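Pasting target_5.txt here (compact mmCIF, C-alpha atoms and all ligand atoms):
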# COMPACT_ATOMS: atom_id res chain seq x y z
CA MET U 21 -2.84 18.71 -5.95
CA ALA U 22 -0.95 15.56 -4.91
CA ARG U 23 -2.85 12.35 -4.74
CA ILE U 24 -2.88 10.67 -1.33
CA ILE U 25 -3.96 7.11 -2.00
CA GLY U 26 -4.27 4.48 0.72
CA PHE U 27 -4.27 0.75 0.09
CA VAL U 28 -6.79 -0.67 2.49
CA CYS U 29 -8.42 -3.86 3.71
CA SER U 30 -9.15 -4.77 7.28
CA LYS U 31 -8.16 -8.38 6.59
CA GLY U 32 -4.51 -9.13 7.28
CA GLY U 33 -2.39 -10.67 4.54
CA SER U 34 -4.56 -9.48 1.64
CA GLY U 35 -1.50 -8.21 -0.25
CA LYS U 36 -1.52 -4.47 0.62
CA SER U 37 2.20 -4.08 1.30
CA THR U 38 3.12 -6.08 -1.80
CA VAL U 39 0.89 -3.87 -3.94
CA VAL U 40 2.24 -0.62 -2.45
CA ALA U 41 5.87 -1.71 -2.88
CA ASN U 42 5.48 -2.84 -6.48
CA LEU U 43 3.24 -0.01 -7.64
CA GLY U 44 5.57 2.51 -6.07
CA VAL U 45 8.57 1.10 -7.90
CA ALA U 46 6.64 0.80 -11.19
CA LEU U 47 5.50 4.44 -10.90
CA ALA U 48 9.03 5.64 -10.09
CA ARG U 49 10.25 3.84 -13.19
CA LEU U 50 7.74 5.85 -15.21
CA GLY U 51 9.34 8.99 -13.83
CA ARG U 52 6.53 9.88 -11.41
CA ARG U 53 7.35 11.80 -8.26
CA VAL U 54 6.11 9.12 -5.91
CA VAL U 55 6.66 8.34 -2.25
CA ILE U 56 5.42 5.28 -0.40
CA VAL U 57 4.78 5.42 3.32
CA ASP U 58 4.62 2.52 5.77
CA CYS U 59 1.82 3.53 8.11
CA ASP U 60 1.53 0.03 9.57
CA LEU U 61 3.17 1.18 12.77
CA THR U 62 2.98 -2.09 14.68
CA MET U 63 3.90 -4.48 11.85
CA ALA U 64 6.01 -2.31 9.54
CA ASN U 65 7.54 -4.33 6.71
CA LEU U 66 7.81 -2.17 3.57
CA SER U 67 11.51 -1.62 4.21
CA LEU U 68 12.06 -5.39 4.13
CA LEU U 69 10.09 -5.80 0.90
CA LEU U 70 12.18 -3.08 -0.72
CA GLY U 71 15.56 -4.01 0.70
CA VAL U 72 16.07 -0.71 2.58
CA GLU U 73 15.95 -2.07 6.13
CA ASP U 74 19.39 -0.56 6.88
CA HIS U 75 18.03 3.00 6.65
CA LYS U 76 18.66 4.57 10.05
CA THR U 77 15.77 7.00 10.42
CA THR U 78 12.18 5.80 10.22
CA LEU U 79 8.63 7.14 10.39
CA HIS U 80 8.62 6.05 14.02
CA ASP U 81 11.47 8.46 14.80
CA VAL U 82 9.62 11.29 13.05
CA LEU U 83 6.38 10.51 14.91
CA ALA U 84 8.34 10.40 18.16
CA GLY U 85 9.56 13.94 17.44
CA GLU U 86 13.15 12.69 17.35
CA ALA U 87 14.00 13.30 13.68
CA PRO U 88 12.93 15.56 10.81
CA LEU U 89 10.90 13.98 8.01
CA SER U 90 13.66 14.70 5.47
CA LYS U 91 15.94 12.22 7.26
CA ALA U 92 13.35 9.44 7.04
CA ILE U 93 12.86 9.63 3.26
CA CYS U 94 15.09 7.05 1.65
CA ARG U 95 15.71 5.90 -1.89
CA GLY U 96 14.64 2.48 -3.09
CA PRO U 97 14.67 0.52 -6.35
CA GLU U 98 14.21 2.64 -9.52
CA GLY U 99 14.55 5.76 -7.37
CA VAL U 100 11.23 5.34 -5.54
CA ARG U 101 11.19 7.29 -2.30
CA ILE U 102 10.14 5.44 0.83
CA VAL U 103 9.30 6.50 4.35
CA PRO U 104 9.95 3.20 6.13
CA GLY U 105 8.55 2.19 9.46
CA GLY U 106 10.84 1.06 12.24
CA ILE U 107 11.07 -2.61 13.17
CA PRO U 108 12.13 -2.37 16.90
CA LEU U 109 9.30 -2.68 19.41
CA GLU U 110 10.29 0.31 21.51
CA GLY U 111 9.63 2.65 18.54
CA ILE U 112 5.94 1.74 18.56
CA GLN U 113 5.36 3.19 22.02
CA LYS U 114 7.19 6.42 21.27
CA ALA U 115 5.44 7.16 17.96
CA LYS U 116 2.59 9.65 18.27
CA LEU U 117 0.01 9.08 15.59
CA ASP U 118 -1.39 12.60 15.94
CA ARG U 119 1.80 13.82 14.22
CA LEU U 120 1.03 11.75 11.09
CA LYS U 121 -1.22 14.35 9.44
CA ARG U 122 1.63 16.85 9.36
CA VAL U 123 3.92 14.23 7.83
CA ILE U 124 1.46 13.36 5.08
CA ASP U 125 0.76 17.04 4.36
CA GLN U 126 4.50 17.69 4.02
CA LEU U 127 4.91 14.73 1.65
CA ALA U 128 1.95 15.90 -0.42
CA ARG U 129 3.78 19.20 -0.99
CA GLN U 130 6.96 17.43 -2.17
CA PHE U 131 5.54 14.60 -4.28
CA ASP U 132 2.74 14.09 -6.82
CA LEU U 133 1.72 10.68 -5.52
CA VAL U 134 1.72 9.62 -1.88
CA LEU U 135 0.94 5.90 -1.60
CA ILE U 136 0.10 4.70 1.88
CA ASP U 137 0.32 1.18 3.26
CA VAL U 138 -2.63 1.22 5.67
CA PRO U 139 -2.59 -1.27 8.57
CA SER U 140 -5.05 -4.17 8.69
CA GLY U 141 -7.87 -4.15 11.21
CA LEU U 142 -10.24 -1.33 12.05
CA ASP U 143 -8.73 -0.24 15.35
CA ARG U 144 -7.86 3.30 16.29
CA ASP U 145 -4.53 3.32 14.43
CA ALA U 146 -6.08 2.05 11.21
CA LEU U 147 -8.98 4.53 11.44
CA THR U 148 -6.60 7.42 12.11
CA VAL U 149 -4.58 6.56 9.00
CA MET U 150 -7.72 6.09 6.90
CA GLY U 151 -8.99 9.47 8.02
CA LEU U 152 -5.96 11.13 6.41
CA LEU U 153 -6.53 9.63 2.95
CA ARG U 154 -8.04 11.45 0.01
CA GLU U 155 -8.52 8.29 -2.01
CA ALA U 156 -8.37 4.57 -1.33
CA ILE U 157 -8.05 1.31 -3.20
CA ILE U 158 -9.28 -1.88 -1.55
CA VAL U 159 -6.84 -4.78 -1.86
CA VAL U 160 -8.64 -8.09 -1.56
CA THR U 161 -8.11 -11.79 -2.18
CA PRO U 162 -10.88 -13.73 -3.96
CA ASP U 163 -12.47 -15.44 -0.95
CA LEU U 164 -15.52 -14.74 1.22
CA PRO U 165 -13.75 -13.91 4.52
CA ALA U 166 -11.62 -11.34 2.72
CA LEU U 167 -14.65 -9.94 0.94
CA SER U 168 -16.66 -9.46 4.11
CA ASN U 169 -13.68 -7.55 5.55
CA ALA U 170 -13.49 -5.53 2.35
CA LEU U 171 -17.19 -4.61 2.64
CA LYS U 172 -16.62 -3.27 6.16
CA THR U 173 -13.58 -1.38 4.98
CA LYS U 174 -15.65 0.13 2.18
CA LEU U 175 -18.28 1.35 4.67
CA VAL U 176 -15.61 2.91 6.86
CA CYS U 177 -14.09 4.74 3.86
CA GLU U 178 -17.53 6.08 2.95
CA ARG U 179 -18.11 7.32 6.51
CA LEU U 180 -14.71 8.99 6.54
CA ASP U 181 -15.46 10.61 3.17
CA VAL U 182 -12.52 8.88 1.47
CA LYS U 183 -13.07 8.46 -2.24
CA LEU U 184 -12.92 4.78 -3.23
CA LEU U 185 -11.27 4.27 -6.61
CA GLY U 186 -11.91 0.54 -6.82
CA VAL U 187 -10.44 -2.82 -6.01
CA ILE U 188 -7.17 -4.58 -6.66
CA LEU U 189 -7.86 -8.28 -6.66
CA THR U 190 -4.77 -10.23 -5.61
CA ARG U 191 -3.67 -13.82 -5.60
CA LEU U 192 -6.27 -14.91 -8.15
CA LYS U 193 -5.96 -18.54 -9.20
CA GLU U 194 -7.87 -18.94 -12.46
CA GLY U 195 -10.53 -21.62 -12.15
CA VAL U 196 -9.56 -22.39 -8.54
CA SER U 197 -10.31 -19.26 -6.54
CA GLU U 198 -13.54 -19.08 -4.55
CA LEU U 199 -14.76 -15.91 -6.27
CA SER U 200 -14.34 -14.51 -9.77
CA GLU U 201 -13.38 -10.98 -10.70
CA SER U 202 -16.97 -10.13 -11.68
CA GLU U 203 -18.37 -11.55 -8.43
CA VAL U 204 -15.94 -9.43 -6.39
CA SER U 205 -16.82 -6.36 -8.38
CA GLY U 206 -20.55 -7.08 -8.08
CA ILE U 207 -20.54 -7.69 -4.33
CA LEU U 208 -18.42 -4.65 -3.52
CA ASP U 209 -20.13 -2.53 -6.20
CA LEU U 210 -16.73 -1.17 -7.23
CA PRO U 211 -14.65 -1.51 -10.39
CA VAL U 212 -11.77 -3.98 -10.37
CA LEU U 213 -8.76 -1.86 -11.32
CA ALA U 214 -6.18 -4.64 -11.51
CA VAL U 215 -6.02 -8.39 -11.08
CA ILE U 216 -2.75 -9.72 -9.71
CA PRO U 217 -2.50 -13.48 -10.18
CA GLU U 218 -1.14 -15.86 -7.58
CA ASP U 219 2.51 -15.81 -8.57
CA ARG U 220 5.44 -17.68 -7.08
CA ALA U 221 7.68 -14.87 -8.24
CA VAL U 222 6.00 -12.56 -5.68
CA ARG U 223 6.79 -14.85 -2.79
CA HIS U 224 10.42 -15.23 -3.89
CA SER U 225 10.76 -11.47 -4.23
CA SER U 226 9.32 -10.80 -0.77
CA ALA U 227 11.73 -13.25 0.78
CA ILE U 228 14.72 -11.62 -0.93
CA GLY U 229 13.70 -8.00 -0.44
CA GLU U 230 13.52 -7.08 -4.11
CA PRO U 231 10.10 -6.24 -5.59
CA VAL U 232 8.85 -8.53 -8.33
CA VAL U 233 8.65 -5.64 -10.83
CA VAL U 234 12.46 -5.42 -10.57
CA ARG U 235 13.44 -9.00 -9.90
CA GLU U 236 11.14 -10.74 -12.37
CA ALA U 237 9.87 -7.92 -14.54
CA ARG U 238 8.26 -10.27 -17.07
CA SER U 239 6.32 -12.37 -14.58
CA PRO U 240 2.51 -12.18 -14.81
CA SER U 241 2.20 -10.19 -11.58
CA ALA U 242 4.92 -7.69 -12.55
CA ARG U 243 3.26 -7.05 -15.90
CA GLU U 244 -0.05 -6.29 -14.21
CA PHE U 245 1.59 -3.95 -11.67
CA LYS U 246 3.25 -2.08 -14.52
CA ARG U 247 0.06 -1.91 -16.57
CA PHE U 248 -1.88 -0.44 -13.67
CA ALA U 249 0.93 2.02 -12.85
CA LEU U 250 0.47 3.49 -16.32
CA GLU U 251 -3.18 4.14 -15.51
CA LEU U 252 -2.58 5.96 -12.21
CA ARG U 253 -2.42 9.61 -13.18
CA PRO U 254 -0.17 11.69 -10.96
CA PHE U 255 -2.58 14.54 -10.23
CA THR U 256 -6.20 15.21 -9.44
CA ARG U 257 -7.58 18.59 -10.38
CA ALA U 258 -9.73 18.94 -7.31
CA ARG U 259 -11.54 16.73 -4.92
CA GLU U 260 -14.55 15.33 -6.83
N1 LIG Z 301 0.18 -12.11 -6.09
C1 LIG Z 301 0.73 -12.84 -5.11
N2 LIG Z 301 1.15 -14.11 -5.36
C2 LIG Z 301 1.69 -14.87 -4.36
N3 LIG Z 301 1.88 -14.44 -3.11
C3 LIG Z 301 1.48 -13.19 -2.80
C4 LIG Z 301 0.88 -12.32 -3.78
N4 LIG Z 301 0.59 -11.14 -3.17
C5 LIG Z 301 0.98 -11.26 -1.89
N5 LIG Z 301 1.52 -12.48 -1.66
C6 LIG Z 301 2.05 -13.00 -0.37
O1 LIG Z 301 1.00 -12.92 0.59
C7 LIG Z 301 1.52 -12.57 1.86
C8 LIG Z 301 0.78 -11.33 2.39
O2 LIG Z 301 1.08 -10.23 1.54
P1 LIG Z 301 1.28 -8.78 2.14
O3 LIG Z 301 2.25 -8.76 3.24
O4 LIG Z 301 1.54 -7.87 0.97
O5 LIG Z 301 -0.19 -8.50 2.71
P2 LIG Z 301 -0.69 -7.34 3.68
O6 LIG Z 301 -2.11 -7.09 3.34
O7 LIG Z 301 0.24 -6.20 3.63
O8 LIG Z 301 -0.57 -8.08 5.10
P3 LIG Z 301 -0.65 -7.41 6.57
O9 LIG Z 301 -2.10 -7.24 6.84
O10 LIG Z 301 -0.01 -8.45 7.44
O11 LIG Z 301 0.09 -6.11 6.51
C9 LIG Z 301 3.03 -12.36 1.66
O12 LIG Z 301 3.68 -13.54 2.04
C10 LIG Z 301 3.17 -12.12 0.17
O13 LIG Z 301 4.43 -12.53 -0.33
MG MG Z 302 1.24 -5.23 5.17

How does this structure look as structure tokens?
Amino acid sequence: MARIIGFVCSKGGSGKSTVVANLGVALARLGRRVVIVDCDLTMANLSLLLGVEDHKTTLHDVLAGEAPLSKAICRGPEGVRIVPGGIPLEGIQKAKLDRLKRVIDQLARQFDLVLIDVPSGLDRDALTVMGLLREAIIVVTPDLPALSNALKTKLVCERLDVKLLGVILTRLKEGVSELSESEVSGILDLPVLAVIPEDRAVRHSSAIGEPVVVREARSPSAREFKRFALELRPFTRARE
């Protein structure tokens, strides 16, 4: 059975899209059959992070019933497959979120790993996307506002019966950050699966549209993305 893993946190800017883009590329490099999906319908940006913004057909077109899913799957760095969101505003109105379940089901038949960039907030769009996940990883920065958002996100996942795998702690500044790895793990009562340091290389990569695992493969953040990618097994036997 394919894994459908969402990267969640109601707080904006916690690093979700960066994690999805880099993990997707790192997994593709390992030869995994992986697709990453930009479900942030109002603020889609995965295509920009991966340098595939020229791709003509997007998830918005599929959700508008104007294109088949096959046309919206494009190829990114290291052969990772991406279903990008559309940038133009008019696409947002046309996209019907109730078509998303069918899209995800179709992807789960074609790929072993479906990684989903879940929008921030806990509005109807975010809840609809979260309801389609089998598993989720909370992406959080080491500060109290982010953590209180993460706690709410955790509760919502539990109510929606989404299995929480743990936390990816991002933008950690050793000795400077408000909270340590063990404090984050303790407060959320979840294992910390990966710790991505604050890394200038990430910001440069985002600006250029080339993920840090490709552009600066030896940087501290890229190494941690690649390490964690090795740990993400492609299949689950059954829902535990
Ligand atoms: N490890 C890191 N080191 C430095 N900068 C980072 C790191 N991770 C993310 N960033 C930067 O933080 C900002 C927010 O990251 P990102 O867009 O991935 O977050 P997000 O959770 O997807 O945000 P949104 O809620 O707006 O979708 C970006 O400018 C990104 O380049
Ligand atoms: Mg994002």

* **Close residues to ligand LIG 301 (chain Z) using all atoms listed in the file, limit 9 Å, as an MDAnalysis selection string** => chainID U and resid 27:41 60 63:66 69 137:141 159:161 189:192 215:227 241

Next, the residues of the selection above should be written as a compact mmCIF listing (two decimals), in the frame of the given file with C-alpha atoms.
# COMPACT_ATOMS: atom_id res chain seq x y z
CA PHE U 27 -4.27 0.75 0.09
CA VAL U 28 -6.79 -0.67 2.49
CA CYS U 29 -8.42 -3.86 3.71
CA SER U 30 -9.15 -4.77 7.28
CA LYS U 31 -8.16 -8.38 6.59
CA GLY U 32 -4.51 -9.13 7.28
CA GLY U 33 -2.39 -10.67 4.54
CA SER U 34 -4.56 -9.48 1.64
CA GLY U 35 -1.50 -8.21 -0.25
CA LYS U 36 -1.52 -4.47 0.62
CA SER U 37 2.20 -4.08 1.30
CA THR U 38 3.12 -6.08 -1.80
CA VAL U 39 0.89 -3.87 -3.94
CA VAL U 40 2.24 -0.62 -2.45
CA ALA U 41 5.87 -1.71 -2.88
CA ASP U 60 1.53 0.03 9.57
CA MET U 63 3.90 -4.48 11.85
CA ALA U 64 6.01 -2.31 9.54
CA ASN U 65 7.54 -4.33 6.71
CA LEU U 66 7.81 -2.17 3.57
CA LEU U 69 10.09 -5.80 0.90
CA ASP U 137 0.32 1.18 3.26
CA VAL U 138 -2.63 1.22 5.67
CA PRO U 139 -2.59 -1.27 8.57
CA SER U 140 -5.05 -4.17 8.69
CA GLY U 141 -7.87 -4.15 11.21
CA VAL U 159 -6.84 -4.78 -1.86
CA VAL U 160 -8.64 -8.09 -1.56
CA THR U 161 -8.11 -11.79 -2.18
CA LEU U 189 -7.86 -8.28 -6.66
CA THR U 190 -4.77 -10.23 -5.61
CA ARG U 191 -3.67 -13.82 -5.60
CA LEU U 192 -6.27 -14.91 -8.15
CA VAL U 215 -6.02 -8.39 -11.08
CA ILE U 216 -2.75 -9.72 -9.71
CA PRO U 217 -2.50 -13.48 -10.18
CA GLU U 218 -1.14 -15.86 -7.58
CA ASP U 219 2.51 -15.81 -8.57
CA ARG U 220 5.44 -17.68 -7.08
CA ALA U 221 7.68 -14.87 -8.24
CA VAL U 222 6.00 -12.56 -5.68
CA ARG U 223 6.79 -14.85 -2.79
CA HIS U 224 10.42 -15.23 -3.89
CA SER U 225 10.76 -11.47 -4.23
CA SER U 226 9.32 -10.80 -0.77
CA ALA U 227 11.73 -13.25 0.78
CA SER U 241 2.20 -10.19 -11.58

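Put simply, CA of Leu185 in chain U is 8.2 Å away from CA of Ile158 in chain U.
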
Pull the closest atom pair for each residue of range 104-193 of chain U that gets at most 10 Å from range 204-212 of chain U, along with the distance in Å to one decimal, counting all atoms listed in the file, ordering rows by chain and then ascending residue number, as CSV.
residue,atom,partner,partner_atom,distance
U:Ile157,CA,U:Val212,CA,9.7
U:Ile158,CA,U:Leu210,CA,9.4
U:Val159,CA,U:Val212,CA,9.9
U:Val160,CA,U:Val204,CA,8.9
U:Thr161,CA,U:Val204,CA,9.2
U:Pro162,CA,U:Val204,CA,7.1
U:Asp163,CA,U:Val204,CA,8.8
U:Leu164,CA,U:Val204,CA,9.3
U:Leu167,CA,U:Val204,CA,7.5
U:Ser168,CA,U:Leu208,CA,9.2
U:Ala170,CA,U:Leu208,CA,7.7
U:Leu171,CA,U:Leu208,CA,6.3
U:Lys172,CA,U:Leu208,CA,9.9
U:Lys174,CA,U:Leu208,CA,7.9
U:Leu184,CA,U:Leu210,CA,8.1
U:Leu185,CA,U:Pro211,CA,7.7
U:Gly186,CA,U:Pro211,CA,4.9
U:Val187,CA,U:Val212,CA,4.7
U:Ile188,CA,U:Val212,CA,5.9
U:Leu189,CA,U:Val212,CA,6.9

* Rounded to one decimal in Å, what is the spacing between CA of Ala84 in chain U and CA of Leu120 in chain U? ->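 Answer for the CA of Ala84 in chain U to CA of Leu120 in chain U separation: 10.3 Å.
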
* Nearby residues (all atoms listed in the file) at most 8 Å from Leu43 in chain U, same-chain spacing under 3 positions excluded, as a ChimeraX atom specification -> /U:39-40,46-47,245-246,248-249

With C-alpha atoms kept, could you save the residues just selected as a CSV table (one decimal), in the frame of the given file?
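Result went into selection_26.csv, see below:
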chain,number,residue,atom,x,y,z
U,39,VAL,CA,0.9,-3.9,-3.9
U,40,VAL,CA,2.2,-0.6,-2.4
U,46,ALA,CA,6.6,0.8,-11.2
U,47,LEU,CA,5.5,4.4,-10.9
U,245,PHE,CA,1.6,-4.0,-11.7
U,246,LYS,CA,3.2,-2.1,-14.5
U,248,PHE,CA,-1.9,-0.4,-13.7
U,249,ALA,CA,0.9,2.0,-12.8

* **Distance of CA of Ser202 in chain U from CA of Asn42 in chain U, expressed in Å to one decimal place** =>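 Here the two named atoms are 24.2 Å from each other.
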
* To do: Go through U:His75, U:Arg179, U:Lys114, U:Arg144 and flag the residue nearest Arg95 in chain U, using only C-alpha atoms for the distances.
  => U:His75

* To do: Tell me, as an MDAnalysis selection string, which residues lie within 12 Å of Val149 in chain U, counting only C-alpha atoms; anything in the same chain fewer than 5 positions away does not count.
  => chainID U and resid 24:28 57:61 117:121 123:124 135:144 154:156 176:177 180 182

Produce range 47-143 of chain U of the given structure as output with C-alpha atoms, as a tab-separated table (two decimals), in the first residue's frame.
chain	number	residue	atom	x	y	z
U	47	LEU	CA	13.87	10.06	-2.07
U	48	ALA	CA	13.83	10.16	-5.87
U	49	ARG	CA	17.61	10.04	-5.82
U	50	LEU	CA	17.38	6.85	-3.79
U	51	GLY	CA	15.26	5.39	-6.57
U	52	ARG	CA	11.94	5.58	-4.72
U	53	ARG	CA	8.74	5.97	-6.70
U	54	VAL	CA	7.77	9.25	-5.11
U	55	VAL	CA	5.42	12.06	-6.05
U	56	ILE	CA	5.03	15.37	-4.24
U	57	VAL	CA	1.78	17.26	-4.40
U	58	ASP	CA	1.20	20.96	-3.76
U	59	CYS	CA	-2.12	21.01	-1.93
U	60	ASP	CA	-1.65	24.60	-0.79
U	61	LEU	CA	-4.22	25.79	-3.29
U	62	THR	CA	-4.19	29.48	-2.39
U	63	MET	CA	-0.43	29.94	-1.92
U	64	ALA	CA	1.06	27.24	-4.15
U	65	ASN	CA	4.85	27.51	-4.36
U	66	LEU	CA	6.37	24.02	-4.73
U	67	SER	CA	6.85	24.58	-8.46
U	68	LEU	CA	8.97	27.65	-7.71
U	69	LEU	CA	11.08	25.81	-5.14
U	70	LEU	CA	11.73	23.05	-7.67
U	71	GLY	CA	12.21	25.19	-10.75
U	72	VAL	CA	9.25	23.70	-12.66
U	73	GLU	CA	7.05	26.80	-12.78
U	74	ASP	CA	6.86	26.60	-16.60
U	75	HIS	CA	4.82	23.38	-16.48
U	76	LYS	CA	1.54	24.17	-18.22
U	77	THR	CA	-0.94	21.93	-16.42
U	78	THR	CA	-1.41	22.17	-12.67
U	79	LEU	CA	-3.41	20.58	-9.86
U	80	HIS	CA	-5.78	23.53	-10.17
U	81	ASP	CA	-6.63	22.52	-13.75
U	82	VAL	CA	-7.26	18.94	-12.65
U	83	LEU	CA	-9.46	20.06	-9.74
U	84	ALA	CA	-11.34	22.35	-12.13
U	85	GLY	CA	-12.10	19.31	-14.29
U	86	GLU	CA	-10.19	20.87	-17.18
U	87	ALA	CA	-7.27	18.43	-17.48
U	88	PRO	CA	-6.46	14.79	-16.70
U	89	LEU	CA	-4.13	14.12	-13.78
U	90	SER	CA	-1.52	12.56	-16.09
U	91	LYS	CA	-0.95	15.97	-17.71
U	92	ALA	CA	-0.28	17.63	-14.35
U	93	ILE	CA	2.49	15.24	-13.25
U	94	CYS	CA	5.81	16.77	-14.15
U	95	ARG	CA	9.42	15.77	-13.69
U	96	GLY	CA	11.71	17.66	-11.34
U	97	PRO	CA	15.30	17.37	-10.11
U	98	GLU	CA	16.62	13.78	-9.78
U	99	GLY	CA	13.47	12.57	-11.54
U	100	VAL	CA	11.10	13.38	-8.67
U	101	ARG	CA	7.52	13.65	-9.89
U	102	ILE	CA	5.58	16.75	-8.90
U	103	VAL	CA	1.96	17.76	-9.13
U	104	PRO	CA	2.39	21.54	-8.98
U	105	GLY	CA	-0.25	24.02	-7.97
U	106	GLY	CA	-1.12	26.90	-10.24
U	107	ILE	CA	0.03	30.41	-9.41
U	108	PRO	CA	-2.71	32.53	-11.17
U	109	LEU	CA	-5.53	33.73	-8.93
U	110	GLU	CA	-8.35	32.70	-11.23
U	111	GLY	CA	-7.36	29.02	-10.84
U	112	ILE	CA	-8.19	29.12	-7.13
U	113	GLN	CA	-11.86	29.83	-7.72
U	114	LYS	CA	-12.24	27.13	-10.34
U	115	ALA	CA	-10.56	24.35	-8.34
U	116	LYS	CA	-13.01	22.03	-6.59
U	117	LEU	CA	-11.46	20.52	-3.51
U	118	ASP	CA	-13.96	17.65	-3.44
U	119	ARG	CA	-12.11	16.24	-6.47
U	120	LEU	CA	-8.85	15.98	-4.49
U	121	LYS	CA	-9.59	12.57	-2.95
U	122	ARG	CA	-9.79	11.00	-6.40
U	123	VAL	CA	-6.49	12.62	-7.37
U	124	ILE	CA	-4.70	11.33	-4.29
U	125	ASP	CA	-6.18	7.84	-4.72
U	126	GLN	CA	-4.96	7.77	-8.33
U	127	LEU	CA	-1.46	8.87	-7.28
U	128	ALA	CA	-1.39	6.23	-4.55
U	129	ARG	CA	-1.95	3.57	-7.22
U	130	GLN	CA	0.95	4.87	-9.35
U	131	PHE	CA	3.55	5.69	-6.70
U	132	ASP	CA	4.89	4.17	-3.47
U	133	LEU	CA	5.19	7.48	-1.64
U	134	VAL	CA	2.81	10.40	-1.98
U	135	LEU	CA	4.16	13.42	-0.07
U	136	ILE	CA	1.69	16.22	0.44
U	137	ASP	CA	2.41	19.87	1.14
U	138	VAL	CA	-0.54	20.71	3.40
U	139	PRO	CA	-1.61	24.37	3.64
U	140	SER	CA	-1.11	26.35	6.85
U	141	GLY	CA	-4.09	27.30	8.98
U	142	LEU	CA	-6.96	25.10	10.08
U	143	ASP	CA	-9.62	26.37	7.71
